[in-house]
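Asker: Submitted below is the structure of interest, expressed as structure tokens.
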Amino acid sequence: MIRLKNVSKYYKKKEGAAVSNLNLHVEEGKICVMVGPSGCGKTTTLKMINRIIEPSDGNIYVNDKNVMEQNPNELRLKIGYVIQKIGLFPHYTVYENVATVPKLLGWKEEKIRNRANELLKIVGLSPQEYAKKYPNQLSGGQKQRVGVARAMAANPPVMLMDEPFGAVDPITRNQLQNEFLKIQKKMKKTICFVTHDIDEAIKMGDKIAIMCDGKLVQYDTPENILFSPKNEFVEEFVGSDRALKVLNLLKVDTILDTSLPKISIDTDSDVLKKLALKGQDHVVVLDDEEKLVGYIKLRKIVERRSLEKWDKYIKRYVSTIDEDSSLKNAMVSMLQFDVFNIPVISENGVYKGIVNFNMIKSYISEEYETNNIVDKVVG
Amino acid sequence: MSTIKYFINNINKITELTYEHFILISIAIVLAVIIWFTVGVVIRNNNKLANGVIGVGSIIMSIPSISMYGILVTIPFFGLSRKSAVTALVLYAMLPIVRNVYVALNEVDKSILEAASGMGMNKKNVLLKVQLPLALPVIFAGVRVALVMMVGVATLAVYIGERNLGRLISQGITRTHTDMVLVGGILVALMAILVDMIMAFIQKKLISPGLHNSNEYINQEGC
Ligand SMILES: Nc1ncnc2c1ncn2[C@@H]1O[C@H](COP(=O)(O)OP(=O)(O)O)[C@@H](O)[C@H]1O
Ligand SMILES: [Mg+2]
């Protein structure tokens, strides 16, 4: 847990505050993303947490202990730190880089080796291949991975990350973000994450702190930032394509339609007839293991043909989508395959439900309306 | 041919002079590294002091070696002894070593130092485990410059009583003995090349392979 209480920083007395009267609470196991235009005080705020910069005013607590009352080096050993320029030690191998903090903590050789190998695997680098390499033999993305592994080496409960994925190309960045989120799902560290990229903030943050000129403008969940920006600055910073960003944020399961009847391949034709009589148009066909086979357009069949050998009327969906996908992924598939419905399946192919284009549309407009009403009441 | 003949006929004397030459610069370089490296480390964070010290080094460097030896022998403690010769060589090494230590330590990428202290290394560890190893290539370059210079400057120490390869050159000139001058000159040049090679060897052992320019970089992420 990280808590900032009325924290200010003046580099020079005459100039304004680089950070002014900041209050922020990062809950245990959550990622707080600080985002804002360059020079708004993000890095300064981050560095005050591990005392690389001393605050001029206010108090900072990490796991309920005031950082100013601790020895800075001991404090830092418990806080993982990733900086934008990565700062790998070029004279150390990948292994030695990752082993830095465990060595400082006096771990036994074997424990360090096991931990380093484990971490390299976690960040997607094979220890056999990479442990003995030097940073100048790595690509940008690989360096970033080593930087993250190094910061996590001694399993610190708290991590500070200053634009950790800033120095790589967009494709690698996206990959690193996804991998990091996967790692975080298991590790549940308390993380302060700095970026100037609102898309990265929305993607990575459990909460987003939007900063401007050293002040905290809005501290809220990504949804609330997108749906109800507090003022014009936030609205502008988030961008006019807010609606699309929301889609990126929402998983398909938020509006998953599970109401379609499911039948298995050996279902009796009488059951189908009954469903058709009830006015059911579509049914989903699954196999014994609940995996998706296809669908049947009941009404069409009932009108013209007997249902004796109904399985020959099964049609396949042109596209399916993973249950982890965002609504944006779903939209993209819909546009790509020119369909309005896409079935959602789990990792092992089990059918979960359907996402529907109109449902996405109405969900978004509903959210906007609710929040606009709230805005009017408050404003 | 006569040069080779001269060399063979005087092999004992030449060996002795070479040996003495080598001993002199060895003593001088060891002392110079100890002293000037320490000075460089001490002044690393003090710009004003560093400018002063490096300025003094530049002034010393501009003193012609003959006058340097001349001044030193007039100081009673030094006199006509090896002390004077060693002191002169150490003084000449001041600029290249102090300057390179100072510059090298200050040119280490700040983000790497910040990463080091941000991870919880204390000041001593940051200096010893990160800053110095990273500064080593530039520091070595300074030491090598100093050493090669010493090999040459040492020849003039024959005027204050040193017996070394300079003797072949100076006596050869006064006697217009070309072979003698040639042997002296060639051996001095060879010694300069040799000590530089020794330093290159030591440098390779001491400096992390990670600091060599690598062309092994392969983009494994694929494009
Ligand atoms: N060491 C420093 N000395 C003086 N001013 C600084 C220093 N570091 C940052 N600043 C100033 O403080 C403000 C905030 O900087 P910073 O925290 O680095 O912003 P950000 O990380 O959001 O881009 C800027 O106006 C910057 O110029
Ligand atoms: Mg910054």
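Residue numbering restarts at 1 for every chain of the structure tokens, chains are lettered A, B, ... in their displayed order, and ligands are numbered from 1 as they appear.
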Give me the residues within 12 Å of Asp288 (chain A) as a ChimeraX atom specification, counting only C-alpha atoms and dropping any in the same chain fewer than 4 places off.
Answerer: /A:262-267,292-293,350-351
Asker: Those same residues, written as a PDB file, in the first residue's frame with all heavy atoms?
Answerer:
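See part32.pdb below for the written result:
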ATOM      1  N   LYS A 262     -29.193 -23.831 -25.703  1.00  0.00           N
ATOM      2  CA  LYS A 262     -28.083 -24.660 -26.156  1.00  0.00           C
ATOM      3  C   LYS A 262     -28.603 -26.088 -26.314  1.00  0.00           C
ATOM      4  O   LYS A 262     -29.351 -26.580 -25.466  1.00  0.00           O
ATOM      5  CB  LYS A 262     -26.967 -24.649 -25.108  1.00  0.00           C
ATOM      6  CG  LYS A 262     -26.345 -23.283 -24.935  1.00  0.00           C
ATOM      7  CD  LYS A 262     -25.305 -23.281 -23.840  1.00  0.00           C
ATOM      8  CE  LYS A 262     -25.967 -23.122 -22.482  1.00  0.00           C
ATOM      9  NZ  LYS A 262     -24.998 -22.940 -21.388  1.00  0.00           N
ATOM     10  N   ILE A 263     -28.251 -26.711 -27.393  1.00  0.00           N
ATOM     11  CA  ILE A 263     -28.620 -28.120 -27.543  1.00  0.00           C
ATOM     12  C   ILE A 263     -27.370 -28.916 -27.891  1.00  0.00           C
ATOM     13  O   ILE A 263     -26.388 -28.354 -28.393  1.00  0.00           O
ATOM     14  CB  ILE A 263     -29.669 -28.321 -28.665  1.00  0.00           C
ATOM     15  CG1 ILE A 263     -29.129 -27.771 -29.994  1.00  0.00           C
ATOM     16  CG2 ILE A 263     -30.996 -27.667 -28.297  1.00  0.00           C
ATOM     17  CD1 ILE A 263     -30.000 -28.107 -31.164  1.00  0.00           C
ATOM     18  N   SER A 264     -27.411 -30.190 -27.562  1.00  0.00           N
ATOM     19  CA  SER A 264     -26.254 -31.004 -27.940  1.00  0.00           C
ATOM     20  C   SER A 264     -26.574 -31.719 -29.243  1.00  0.00           C
ATOM     21  O   SER A 264     -27.714 -31.717 -29.710  1.00  0.00           O
ATOM     22  CB  SER A 264     -25.912 -31.990 -26.823  1.00  0.00           C
ATOM     23  OG  SER A 264     -26.900 -32.987 -26.784  1.00  0.00           O
ATOM     24  N   ILE A 265     -25.578 -32.353 -29.830  1.00  0.00           N
ATOM     25  CA  ILE A 265     -25.736 -32.914 -31.176  1.00  0.00           C
ATOM     26  C   ILE A 265     -26.793 -34.014 -31.201  1.00  0.00           C
ATOM     27  O   ILE A 265     -27.486 -34.190 -32.180  1.00  0.00           O
ATOM     28  CB  ILE A 265     -24.402 -33.492 -31.680  1.00  0.00           C
ATOM     29  CG1 ILE A 265     -23.286 -32.468 -31.420  1.00  0.00           C
ATOM     30  CG2 ILE A 265     -24.473 -33.803 -33.169  1.00  0.00           C
ATOM     31  CD1 ILE A 265     -21.937 -32.983 -31.785  1.00  0.00           C
ATOM     32  N   ASP A 266     -26.919 -34.727 -30.063  1.00  0.00           N
ATOM     33  CA  ASP A 266     -27.869 -35.837 -30.065  1.00  0.00           C
ATOM     34  C   ASP A 266     -29.229 -35.475 -29.466  1.00  0.00           C
ATOM     35  O   ASP A 266     -29.999 -36.344 -29.083  1.00  0.00           O
ATOM     36  CB  ASP A 266     -27.257 -37.050 -29.362  1.00  0.00           C
ATOM     37  CG  ASP A 266     -26.590 -36.641 -28.070  1.00  0.00           C
ATOM     38  OD1 ASP A 266     -26.897 -35.537 -27.577  1.00  0.00           O
ATOM     39  OD2 ASP A 266     -25.751 -37.416 -27.564  1.00  0.00           O
ATOM     40  N   THR A 267     -29.528 -34.196 -29.387  1.00  0.00           N
ATOM     41  CA  THR A 267     -30.844 -33.781 -28.885  1.00  0.00           C
ATOM     42  C   THR A 267     -31.949 -34.299 -29.815  1.00  0.00           C
ATOM     43  O   THR A 267     -31.786 -34.318 -31.039  1.00  0.00           O
ATOM     44  CB  THR A 267     -30.925 -32.244 -28.812  1.00  0.00           C
ATOM     45  OG1 THR A 267     -29.892 -31.778 -27.959  1.00  0.00           O
ATOM     46  CG2 THR A 267     -32.266 -31.785 -28.273  1.00  0.00           C
ATOM     47  N   LEU A 292     -18.215 -25.566 -28.824  1.00  0.00           N
ATOM     48  CA  LEU A 292     -19.089 -25.019 -29.845  1.00  0.00           C
ATOM     49  C   LEU A 292     -18.994 -25.828 -31.142  1.00  0.00           C
ATOM     50  O   LEU A 292     -17.904 -26.068 -31.654  1.00  0.00           O
ATOM     51  CB  LEU A 292     -18.687 -23.570 -30.110  1.00  0.00           C
ATOM     52  CG  LEU A 292     -19.591 -22.791 -31.060  1.00  0.00           C
ATOM     53  CD1 LEU A 292     -20.958 -22.573 -30.439  1.00  0.00           C
ATOM     54  CD2 LEU A 292     -18.946 -21.455 -31.410  1.00  0.00           C
ATOM     55  N   VAL A 293     -20.151 -26.205 -31.666  1.00  0.00           N
ATOM     56  CA  VAL A 293     -20.168 -26.861 -32.973  1.00  0.00           C
ATOM     57  C   VAL A 293     -20.676 -25.885 -34.037  1.00  0.00           C
ATOM     58  O   VAL A 293     -20.069 -25.725 -35.083  1.00  0.00           O
ATOM     59  CB  VAL A 293     -21.055 -28.120 -32.953  1.00  0.00           C
ATOM     60  CG1 VAL A 293     -21.110 -28.748 -34.345  1.00  0.00           C
ATOM     61  CG2 VAL A 293     -20.529 -29.122 -31.938  1.00  0.00           C
ATOM     62  N   VAL A 350     -14.743 -24.097 -24.832  1.00  0.00           N
ATOM     63  CA  VAL A 350     -16.094 -24.223 -24.281  1.00  0.00           C
ATOM     64  C   VAL A 350     -16.903 -22.953 -24.577  1.00  0.00           C
ATOM     65  O   VAL A 350     -16.415 -21.841 -24.413  1.00  0.00           O
ATOM     66  CB  VAL A 350     -16.032 -24.479 -22.756  1.00  0.00           C
ATOM     67  CG1 VAL A 350     -17.422 -24.415 -22.146  1.00  0.00           C
ATOM     68  CG2 VAL A 350     -15.373 -25.812 -22.485  1.00  0.00           C
ATOM     69  N   TYR A 351     -18.141 -23.172 -25.003  1.00  0.00           N
ATOM     70  CA  TYR A 351     -19.006 -22.049 -25.371  1.00  0.00           C
ATOM     71  C   TYR A 351     -19.425 -21.235 -24.148  1.00  0.00           C
ATOM     72  O   TYR A 351     -19.822 -21.785 -23.126  1.00  0.00           O
ATOM     73  CB  TYR A 351     -20.242 -22.604 -26.076  1.00  0.00           C
ATOM     74  CG  TYR A 351     -21.339 -21.595 -26.292  1.00  0.00           C
ATOM     75  CD1 TYR A 351     -21.260 -20.684 -27.335  1.00  0.00           C
ATOM     76  CD2 TYR A 351     -22.450 -21.558 -25.449  1.00  0.00           C
ATOM     77  CE1 TYR A 351     -22.262 -19.758 -27.533  1.00  0.00           C
ATOM     78  CE2 TYR A 351     -23.462 -20.627 -25.642  1.00  0.00           C
ATOM     79  CZ  TYR A 351     -23.364 -19.734 -26.686  1.00  0.00           C
ATOM     80  OH  TYR A 351     -24.354 -18.816 -26.883  1.00  0.00           O
TER      81      TYR A 351
END
Asker: Around ligand 2, at most 7 Å away and counting only C-alpha atoms and all ligand atoms, which residues are there? Put them as number ranges by chain, please.
Answerer: A: 38-39, 42-43, 162
Asker: With C-alpha atoms kept, could you save the residues just selected as a JSON list (two decimals), in the first residue's frame?
Answerer:
[["chain", "number", "residue", "atom", "x", "y", "z"],
["A", 38, "SER", "CA", 5.34, 15.98, -19.85],
["A", 39, "GLY", "CA", 6.62, 18.04, -16.95],
["A", 42, "LYS", "CA", 4.88, 12.34, -12.46],
["A", 43, "THR", "CA", 8.53, 11.34, -12.17],
["A", 162, "ASP", "CA", 8.58, 5.10, -14.66]]
Asker: So that I can check the secondary structure, give me every residue of region 76-234 of chain A assigned helix (DSSP H, G or I) by backbone DSSP, as number ranges by chain.
Answerer: A: 76-77, 94-98, 100-104, 109-122, 127-130, 135-137, 140-151, 170-187, 198-204, 222-227, 232-234
Asker: Please identify every polymer residue within 7 Å of ligand 1, using only C-alpha atoms and all ligand atoms, and present the set as a PyMOL selection string.
Answerer: chain A and resi 11-12+18+36-45+214
Asker: Please provide the set of residues having any atom within 10 Å of Lys245 (chain A), restricted to only C-alpha atoms, with same-chain residues fewer than 4 positions apart removed, written as a list of chain:residue names.
Answerer: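 Contacts, with the query itself left out: A:Ile198, A:Asp199, A:Ile202, A:Lys203, A:Pro222, A:Glu223, A:Leu226, A:Val238, A:Gly239, A:Ser240, A:Asp241, A:Leu249, A:Leu250, A:Leu327, A:Lys328.
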Asker: Considering only C-alpha atoms, extract the chain A residues located within 7 Å of chain B and return them as a short mmCIF file (atom, residue, chain, number, x, y, z; two decimals) with N, CA and C atoms, in the first residue's frame.
Answerer:
data_model
loop_
_atom_site.label_atom_id
_atom_site.label_comp_id
_atom_site.auth_asym_id
_atom_site.auth_seq_id
_atom_site.Cartn_x
_atom_site.Cartn_y
_atom_site.Cartn_z
N ILE A 52 14.43 9.05 -3.75
CA ILE A 52 15.49 9.54 -4.63
C ILE A 52 15.39 11.06 -4.63
N ASN A 73 18.35 3.33 1.84
CA ASN A 73 18.79 2.11 1.15
C ASN A 73 17.95 0.91 1.54
N GLU A 74 17.63 0.80 2.84
CA GLU A 74 16.79 -0.31 3.28
C GLU A 74 15.39 -0.20 2.68
N ARG A 76 14.63 1.16 -0.15
CA ARG A 76 14.67 0.88 -1.59
C ARG A 76 14.82 -0.61 -1.88
N LEU A 77 15.48 -1.32 -0.97
CA LEU A 77 15.62 -2.77 -1.18
C LEU A 77 14.25 -3.44 -1.20
N GLY A 80 10.63 -2.40 -5.68
CA GLY A 80 11.16 -2.64 -7.03
C GLY A 80 11.10 -1.35 -7.83
N TYR A 81 12.13 -1.10 -8.64
CA TYR A 81 12.20 0.18 -9.34
C TYR A 81 12.60 -0.03 -10.79
N LYS A 85 14.76 4.64 -18.84
CA LYS A 85 15.93 4.28 -19.64
C LYS A 85 16.46 2.90 -19.26
N GLY A 87 18.26 1.40 -17.50
CA GLY A 87 19.40 1.46 -16.57
C GLY A 87 19.97 0.11 -16.22
N LEU A 88 19.97 -0.83 -17.16
CA LEU A 88 20.66 -2.10 -16.90
C LEU A 88 22.14 -1.81 -16.74
N PHE A 89 22.82 -2.63 -15.93
CA PHE A 89 24.26 -2.46 -15.77
C PHE A 89 24.95 -3.12 -16.95
N PRO A 90 25.59 -2.33 -17.82
CA PRO A 90 26.14 -2.92 -19.05
C PRO A 90 27.31 -3.86 -18.79
N HIS A 91 27.96 -3.70 -17.63
CA HIS A 91 29.12 -4.57 -17.36
C HIS A 91 28.70 -5.86 -16.67
N TYR A 92 27.42 -6.00 -16.38
CA TYR A 92 26.92 -7.24 -15.77
C TYR A 92 26.17 -8.05 -16.81
N VAL A 101 19.85 -7.16 -6.41
CA VAL A 101 19.24 -6.93 -5.10
C VAL A 101 19.36 -8.16 -4.18
N TYR A 134 25.19 -10.16 -22.28
CA TYR A 134 25.32 -8.80 -21.75
C TYR A 134 24.25 -7.92 -22.38
N PRO A 135 23.87 -6.83 -21.67
CA PRO A 135 22.79 -5.98 -22.20
C PRO A 135 23.01 -5.53 -23.64
N ASN A 136 24.26 -5.30 -24.05
CA ASN A 136 24.45 -4.82 -25.42
C ASN A 136 24.21 -5.91 -26.47
N GLN A 137 23.88 -7.11 -25.98
CA GLN A 137 23.53 -8.18 -26.93
C GLN A 137 22.01 -8.38 -27.01
N LEU A 138 21.27 -7.50 -26.31
CA LEU A 138 19.81 -7.68 -26.27
C LEU A 138 19.10 -6.61 -27.09
N SER A 139 17.90 -6.95 -27.56
CA SER A 139 17.08 -5.95 -28.23
C SER A 139 16.39 -5.09 -27.17
#
Asker: Which residues are close to region 359-365 of chain A, i.e. within 12 Å by only C-alpha atoms, leaving aside same-chain residues fewer than 4 positions away? Reply as a ChimeraX atom specification.
Answerer: /A:223,226-227,242-257,326-331,334,340-342,354-355,369-372
Asker: So, with only C-alpha atoms as the atoms that count, which of A:Lys300, A:Ala17, A:Ile122, A:Ser259 lies closest to Lys186 (chain A)?
Answerer: A:Ile122
Asker: Write out as number ranges by chain which residues come within 12 Å of Val73 (chain B) when counting only C-alpha atoms, dropping same-chain ones fewer than 4 positions away.
Answerer: B: 66-69, 77-88, 157, 159-161
Asker: Using the selection just defined, write its residues with all heavy atoms as a compact mmCIF listing (two decimals), in the first residue's frame.
Answerer:
# COMPACT_ATOMS: atom_id res chain seq x y z
N ILE B 66 63.64 18.44 -19.66
CA ILE B 66 64.97 18.80 -19.18
C ILE B 66 64.88 19.78 -18.01
O ILE B 66 65.52 19.60 -16.98
CB ILE B 66 65.80 19.43 -20.33
CG1 ILE B 66 66.25 18.33 -21.29
CG2 ILE B 66 67.00 20.19 -19.79
CD1 ILE B 66 67.24 17.36 -20.69
N SER B 67 64.01 20.79 -18.14
CA SER B 67 63.91 21.73 -17.02
C SER B 67 63.26 21.09 -15.81
O SER B 67 63.62 21.38 -14.67
CB SER B 67 63.18 23.02 -17.41
OG SER B 67 62.29 22.79 -18.45
N MET B 68 62.32 20.18 -16.05
CA MET B 68 61.71 19.46 -14.92
C MET B 68 62.78 18.72 -14.13
O MET B 68 62.89 18.86 -12.91
CB MET B 68 60.67 18.46 -15.45
CG MET B 68 60.15 17.51 -14.40
SD MET B 68 58.95 18.26 -13.31
CE MET B 68 57.47 17.96 -14.25
N TYR B 69 63.63 17.96 -14.85
CA TYR B 69 64.71 17.25 -14.14
C TYR B 69 65.64 18.24 -13.46
O TYR B 69 66.04 18.07 -12.32
CB TYR B 69 65.52 16.38 -15.13
CG TYR B 69 64.77 15.18 -15.67
CD1 TYR B 69 64.66 14.95 -17.03
CD2 TYR B 69 64.20 14.26 -14.79
CE1 TYR B 69 63.99 13.83 -17.53
CE2 TYR B 69 63.52 13.15 -15.28
CZ TYR B 69 63.42 12.94 -16.64
OH TYR B 69 62.77 11.85 -17.12
N PHE B 77 66.07 17.09 -1.09
CA PHE B 77 65.53 15.75 -0.84
C PHE B 77 65.67 14.84 -2.04
O PHE B 77 65.88 13.64 -1.93
CB PHE B 77 64.07 15.88 -0.41
CG PHE B 77 63.40 14.54 -0.25
CD1 PHE B 77 63.67 13.73 0.87
CD2 PHE B 77 62.51 14.06 -1.21
CE1 PHE B 77 63.06 12.51 1.02
CE2 PHE B 77 61.90 12.82 -1.06
CZ PHE B 77 62.17 12.05 0.06
N PHE B 78 65.52 15.43 -3.25
CA PHE B 78 65.59 14.59 -4.46
C PHE B 78 67.02 14.42 -4.95
O PHE B 78 67.55 13.33 -4.98
CB PHE B 78 64.72 15.20 -5.56
CG PHE B 78 63.25 15.19 -5.20
CD1 PHE B 78 62.55 16.36 -4.97
CD2 PHE B 78 62.57 13.97 -5.11
CE1 PHE B 78 61.21 16.32 -4.66
CE2 PHE B 78 61.22 13.94 -4.80
CZ PHE B 78 60.53 15.11 -4.57
N GLY B 79 67.66 15.55 -5.31
CA GLY B 79 69.05 15.50 -5.75
C GLY B 79 69.25 14.64 -6.99
O GLY B 79 68.32 14.34 -7.72
N LEU B 80 70.51 14.26 -7.19
CA LEU B 80 70.85 13.43 -8.35
C LEU B 80 70.57 11.97 -8.03
O LEU B 80 71.48 11.18 -7.84
CB LEU B 80 72.32 13.60 -8.71
CG LEU B 80 72.67 14.69 -9.72
CD1 LEU B 80 74.20 14.77 -9.87
CD2 LEU B 80 72.02 14.42 -11.06
N SER B 81 69.27 11.62 -7.94
CA SER B 81 68.98 10.24 -7.58
C SER B 81 67.77 9.77 -8.37
O SER B 81 67.13 10.53 -9.08
CB SER B 81 68.66 10.14 -6.08
OG SER B 81 67.41 10.75 -5.83
N ARG B 82 67.48 8.49 -8.21
CA ARG B 82 66.32 7.93 -8.89
C ARG B 82 65.04 8.63 -8.44
O ARG B 82 64.08 8.73 -9.19
CB ARG B 82 66.25 6.43 -8.62
CG ARG B 82 65.02 5.79 -9.19
CD ARG B 82 65.20 4.32 -9.47
NE ARG B 82 65.79 4.07 -10.77
CZ ARG B 82 66.00 2.85 -11.27
NH1 ARG B 82 65.69 1.79 -10.56
NH2 ARG B 82 66.53 2.69 -12.45
N LYS B 83 65.04 9.14 -7.19
CA LYS B 83 63.87 9.85 -6.68
C LYS B 83 63.46 10.95 -7.65
O LYS B 83 62.27 11.16 -7.93
CB LYS B 83 64.18 10.47 -5.32
CG LYS B 83 64.01 9.52 -4.15
CD LYS B 83 64.18 10.30 -2.84
CE LYS B 83 64.96 9.46 -1.82
NZ LYS B 83 65.68 10.30 -0.85
N SER B 84 64.42 11.71 -8.12
CA SER B 84 64.11 12.80 -9.05
C SER B 84 63.48 12.27 -10.32
O SER B 84 62.47 12.80 -10.81
CB SER B 84 65.38 13.57 -9.42
OG SER B 84 65.88 14.22 -8.28
N ALA B 85 64.08 11.21 -10.86
CA ALA B 85 63.58 10.66 -12.12
C ALA B 85 62.14 10.16 -11.94
O ALA B 85 61.25 10.48 -12.74
CB ALA B 85 64.47 9.54 -12.60
N VAL B 86 61.93 9.40 -10.87
CA VAL B 86 60.58 8.85 -10.63
C VAL B 86 59.59 9.98 -10.44
O VAL B 86 58.49 9.97 -11.01
CB VAL B 86 60.60 7.90 -9.41
CG1 VAL B 86 59.18 7.55 -9.00
CG2 VAL B 86 61.39 6.65 -9.71
N THR B 87 59.98 10.98 -9.63
CA THR B 87 59.07 12.08 -9.36
C THR B 87 58.67 12.79 -10.65
O THR B 87 57.49 13.10 -10.87
CB THR B 87 59.72 13.11 -8.40
OG1 THR B 87 60.18 12.40 -7.25
CG2 THR B 87 58.73 14.18 -7.99
N ALA B 88 59.63 13.04 -11.51
CA ALA B 88 59.32 13.71 -12.76
C ALA B 88 58.30 12.92 -13.57
O ALA B 88 57.30 13.46 -14.07
CB ALA B 88 60.59 13.91 -13.59
N ALA B 157 66.28 11.19 -18.53
CA ALA B 157 66.73 11.12 -17.13
C ALA B 157 68.20 10.70 -17.05
O ALA B 157 68.79 10.72 -15.98
CB ALA B 157 65.86 10.14 -16.34
N TYR B 159 70.48 12.41 -18.02
CA TYR B 159 71.22 13.64 -17.65
C TYR B 159 71.26 13.86 -16.15
O TYR B 159 72.02 14.66 -15.65
CB TYR B 159 70.63 14.86 -18.36
CG TYR B 159 70.84 14.79 -19.86
CD1 TYR B 159 69.76 14.64 -20.72
CD2 TYR B 159 72.12 14.87 -20.40
CE1 TYR B 159 69.95 14.55 -22.08
CE2 TYR B 159 72.33 14.77 -21.76
CZ TYR B 159 71.24 14.62 -22.60
OH TYR B 159 71.44 14.52 -23.94
N ILE B 160 70.37 13.17 -15.41
CA ILE B 160 70.47 13.30 -13.96
C ILE B 160 70.90 11.97 -13.35
O ILE B 160 70.50 11.59 -12.25
CB ILE B 160 69.14 13.80 -13.33
CG1 ILE B 160 67.98 12.86 -13.70
CG2 ILE B 160 68.83 15.23 -13.76
CD1 ILE B 160 66.72 13.10 -12.88
N GLY B 161 71.69 11.22 -14.09
CA GLY B 161 72.36 10.06 -13.51
C GLY B 161 71.70 8.72 -13.72
O GLY B 161 72.21 7.70 -13.26
Asker: Identify, on the basis of only C-alpha atoms, every residue whose closest approach to Glu347 (chain A) does not exceed 12 Å; exclude the query and any residue fewer than 4 positions from it along the same chain; express the result as number ranges by chain.
Answerer: A: 291, 320-325, 351-352
Asker: Write out the residues from the selection above, keeping N, CA and C atoms, as a short mmCIF file (atom, residue, chain, number, x, y, z; two decimals), in the first residue's frame.
Answerer:
data_model
loop_
_atom_site.label_atom_id
_atom_site.label_comp_id
_atom_site.auth_asym_id
_atom_site.auth_seq_id
_atom_site.Cartn_x
_atom_site.Cartn_y
_atom_site.Cartn_z
N LYS A 291 -18.28 -27.89 -26.11
CA LYS A 291 -17.56 -27.09 -27.09
C LYS A 291 -18.49 -26.72 -28.24
N THR A 320 -14.99 -16.86 -34.06
CA THR A 320 -15.27 -16.90 -32.62
C THR A 320 -14.28 -15.97 -31.94
N ILE A 321 -14.53 -15.73 -30.66
CA ILE A 321 -13.64 -14.80 -29.96
C ILE A 321 -13.38 -15.31 -28.55
N ASP A 322 -12.17 -15.06 -28.07
CA ASP A 322 -11.74 -15.54 -26.77
C ASP A 322 -12.45 -14.81 -25.65
N GLU A 323 -12.71 -15.48 -24.53
CA GLU A 323 -13.45 -14.82 -23.44
C GLU A 323 -12.67 -13.68 -22.78
N ASP A 324 -11.32 -13.66 -22.98
CA ASP A 324 -10.53 -12.57 -22.43
C ASP A 324 -10.57 -11.31 -23.29
N SER A 325 -11.16 -11.42 -24.47
CA SER A 325 -11.08 -10.31 -25.41
C SER A 325 -11.88 -9.11 -24.94
N TYR A 351 -18.14 -23.17 -25.00
CA TYR A 351 -19.01 -22.05 -25.37
C TYR A 351 -19.42 -21.23 -24.15
N LYS A 352 -19.35 -19.90 -24.24
CA LYS A 352 -19.69 -19.06 -23.10
C LYS A 352 -20.92 -18.19 -23.35
#
Asker: Excluding same-chain residues fewer than 6 positions from region 52-57 of chain B, what lies within 8 Å of it counting only C-alpha atoms, as a compact mmCIF listing (two decimals) with N, CA, C and O atoms, in the first residue's frame?
Answerer:
# COMPACT_ATOMS: atom_id res chain seq x y z
N LEU B 91 54.89 13.08 -12.05
CA LEU B 91 54.25 14.38 -12.28
C LEU B 91 53.69 14.49 -13.70
O LEU B 91 52.59 14.98 -13.91
N TYR B 92 54.46 13.98 -14.66
CA TYR B 92 53.95 14.04 -16.04
C TYR B 92 52.70 13.19 -16.24
O TYR B 92 51.88 13.46 -17.10
N MET B 94 50.32 12.98 -14.25
CA MET B 94 49.19 13.57 -13.54
C MET B 94 48.03 13.89 -14.49
O MET B 94 46.89 13.45 -14.27
N LEU B 95 48.31 14.66 -15.53
CA LEU B 95 47.23 15.12 -16.40
C LEU B 95 46.46 13.96 -17.04
O LEU B 95 45.24 13.86 -16.87
N VAL B 98 44.65 11.74 -13.99
CA VAL B 98 43.62 12.44 -13.21
C VAL B 98 42.46 12.86 -14.11
O VAL B 98 41.30 12.64 -13.79
N ARG B 99 42.80 13.43 -15.26
CA ARG B 99 41.73 13.90 -16.14
C ARG B 99 40.84 12.75 -16.61
O ARG B 99 39.61 12.84 -16.56
